[in-house]
Amino acid sequence: MRLYLNKQLLWAGCALVLLHSNMGLLVSAAEKSAAKLSESQKTAVDDVTQRAEELKAVNQSIWNYAEVGLQEMKSSQLLIEKLKSDGFTVKSGVADMPTAFVASYGSGQPVIGILAEYDALPGLSQKAVPFRETQADEGAGHACGHSGLGTAALGAALAVKEAIDKHQLKGTVRLYGTPAEETGLGKVYMLLDGQFKDLDICLHWHPANNTNVHLGSSKALVSVKFTFTGLPAHASVSPESGVSALDAVELMNTGVNYMREHVKEDARMHYVIIDGGGQPNVVPAKATVWYYVRANTHEDLERNYRWVVDIAKGAALMTRTKLKIDVDTDNHELIPNTPLSEMIHQKLTAIGPPAFSAEEKAFARRIQQPLIDEFGQNFPVAIDSRIHSLLESKTSSKGSTDVGDISWHIPTGGLRTTCFAAGNPGHSWQNVACIGSSIGEKGILYAAQALAASTVELMENPALVTEAKADFDQRMQKRKYITLIPKGQKPPVKIR
């Protein structure tokens, strides 16, 4: 153990030298850009610093609650209580979702929205330690860092309120409490319910392995369940009297797997069987398979989805079962916005990234070790504290998000800050550990400051709002928003 720790500290020391050399450049750049923060923006940034301990406590609470999508009762209530106590007007339970809310402060235009998420992922319980150790068997964990996401959004909104009051700024800040991002539900149903209709600009952020402004896109996604119904029978005595719904699911999955050869390389189809029958000696009378179908554009998604539906119908015909299709949600690809991205990048640079201690780097190195041992991965640094260029951020994400649907209606800009060890895989226990540690806390506070400064900039600079809207209009010229969610459908509050 002592040799192992010495090795970790040696690596951390090397990383410290490398990052200090990089940090020298970053500090210089930040000093040159300091003038780009106005007095009201500095007020907002300072307010986040003053609230640091309060925000850390909020993150720890939501991290410990670890509530999955649409069940985030304690998490959403904590955020609502903080907002109300600071003078925000809050509408809760919006869009028929108990854990969705909209909090507002200020008056008039522009109306700037900040997105908050707070749902955890099932089966990823983890303590804030650099090795695998669960808090609760089969419990949930914040493996995407949403405890910190909601916390930084809260901190930003409160800081903007401070700047509005102190500097008599015109404009309205809104914090949108959006549940169930991991299943792509919250923002879509809030959008269809009209909660974003008078918003001028929307800002968002996400914990990450590095710090940058997201100027790329994401994958469109449809979440859909296919339920087949047949007839039960004794599987050995009278199988000829049964109609197997499980056979239909298996035939459908086989068909989709053959489909993979003939779709674009960016397409993704993945599934889980959430109901396959009770026990082997009973012909399954009901079976359900849950699919995520993805593509880089919604147009391609629509085409692939129709194909998957045809395969499901074919499986029903082959097995003489009845088919029911339930679309839970439909997420569009993210539409970037250049003026917003450039402005947010400027704020990140002006504020400057946090420094990470030798102890935090040693923690990150231990987090990385299982990935080195198992996959032979190479990590030049323990924690990537650089601000990556806008050019680097133009690549599209292989993931999906319901932020995309908002970006089809409103100019939207987003950022990421370093909250995880370098190279952490998404949705991993490593991420749970980091967002619950001081590594995550530093990234959370940095994100809150950048979001707050960006929001204040938009209130002070109407021309920037106009530029962002012009960029949005240009990008949306040949796009038409089409949703695969049936008209009038309420959110599927119970998703499984």
# chains A, B, ... in the order shown; residues from 1 in each chain; ligands from 1
>>> residues_around(residues="Val249 (chain A)", least_positions_apart="2", cutoff="10 Å", atoms="only C-alpha atoms", output="list in words")
Phe226, Thr227, Phe228, Ser244, Ala245, Leu246, Asp247, Leu251, Met252, Asn253, Thr254, Gly255, Ile273, Asp275, Gly276, Lys286, Ala287, Thr288, Val289, Ala312, Ala315, Ala316 and Thr319 of chain A
>>> residues_around(residues="Ala220 (chain A)", least_positions_apart="3", cutoff="9 Å", atoms="only C-alpha atoms", output="PDB file with C-alpha atoms, in the first residue's frame")
ATOM      1  CA  VAL A 293     -33.059   5.157 -30.763  1.00  0.00           C
ATOM      2  CA  ARG A 294     -30.546   7.904 -31.597  1.00  0.00           C
ATOM      3  CA  ALA A 295     -29.071   9.768 -34.578  1.00  0.00           C
ATOM      4  CA  ASN A 296     -27.124  12.969 -35.163  1.00  0.00           C
ATOM      5  CA  THR A 297     -30.169  14.722 -36.621  1.00  0.00           C
ATOM      6  CA  HIS A 298     -33.840  14.473 -35.781  1.00  0.00           C
ATOM      7  CA  GLU A 299     -34.601  13.897 -39.448  1.00  0.00           C
ATOM      8  CA  ASP A 300     -32.458  10.742 -39.427  1.00  0.00           C
ATOM      9  CA  LEU A 301     -33.960   9.750 -36.082  1.00  0.00           C
ATOM     10  CA  ASP A 330     -38.339  12.667 -27.889  1.00  0.00           C
ATOM     11  CA  ASN A 331     -35.122  14.719 -27.669  1.00  0.00           C
ATOM     12  CA  HIS A 332     -33.761  16.865 -30.478  1.00  0.00           C
ATOM     13  CA  GLU A 333     -30.114  17.524 -31.214  1.00  0.00           C
ATOM     14  CA  LEU A 334     -28.567  20.573 -29.579  1.00  0.00           C
ATOM     15  CA  GLY A 399     -24.851  11.579 -25.851  1.00  0.00           C
ATOM     16  CA  SER A 400     -28.312  13.130 -25.843  1.00  0.00           C
ATOM     17  CA  THR A 401     -30.024  15.749 -23.713  1.00  0.00           C
ATOM     18  CA  ASP A 402     -33.418  17.378 -23.431  1.00  0.00           C
ATOM     19  CA  GLY A 404     -31.643  20.169 -27.229  1.00  0.00           C
TER      20      GLY A 404
END
>>> closest_residue(among="A:Ser147, A:Thr178, A:Ser76, A:Thr172", to="Ala116 (chain A)", atoms="only C-alpha atoms")
A:Thr178
>>> atom_distance(atom1="CA of Val188 (chain A)", atom2="CA of Tyr291 (chain A)")
18.0 Å
>>> residues_around(residues="Gln135 (chain A)", least_positions_apart="2", cutoff="6 Å", atoms="only C-alpha atoms", output="list in words")
Ser125, Gln126 and Lys127 of chain A
>>> write_last_selection(atoms="N, CA and C atoms", output="short mmCIF file (atom, residue, chain, number, x, y, z; two decimals), in the first residue's frame")
data_model
loop_
_atom_site.label_atom_id
_atom_site.label_comp_id
_atom_site.auth_asym_id
_atom_site.auth_seq_id
_atom_site.Cartn_x
_atom_site.Cartn_y
_atom_site.Cartn_z
N SER A 125 -24.68 3.81 -6.51
CA SER A 125 -24.33 4.33 -5.19
C SER A 125 -22.82 4.24 -4.98
N GLN A 126 -22.24 5.28 -4.37
CA GLN A 126 -20.79 5.33 -4.16
C GLN A 126 -20.46 6.35 -3.09
N LYS A 127 -19.52 6.03 -2.22
CA LYS A 127 -19.03 6.99 -1.24
C LYS A 127 -18.01 7.92 -1.91
#
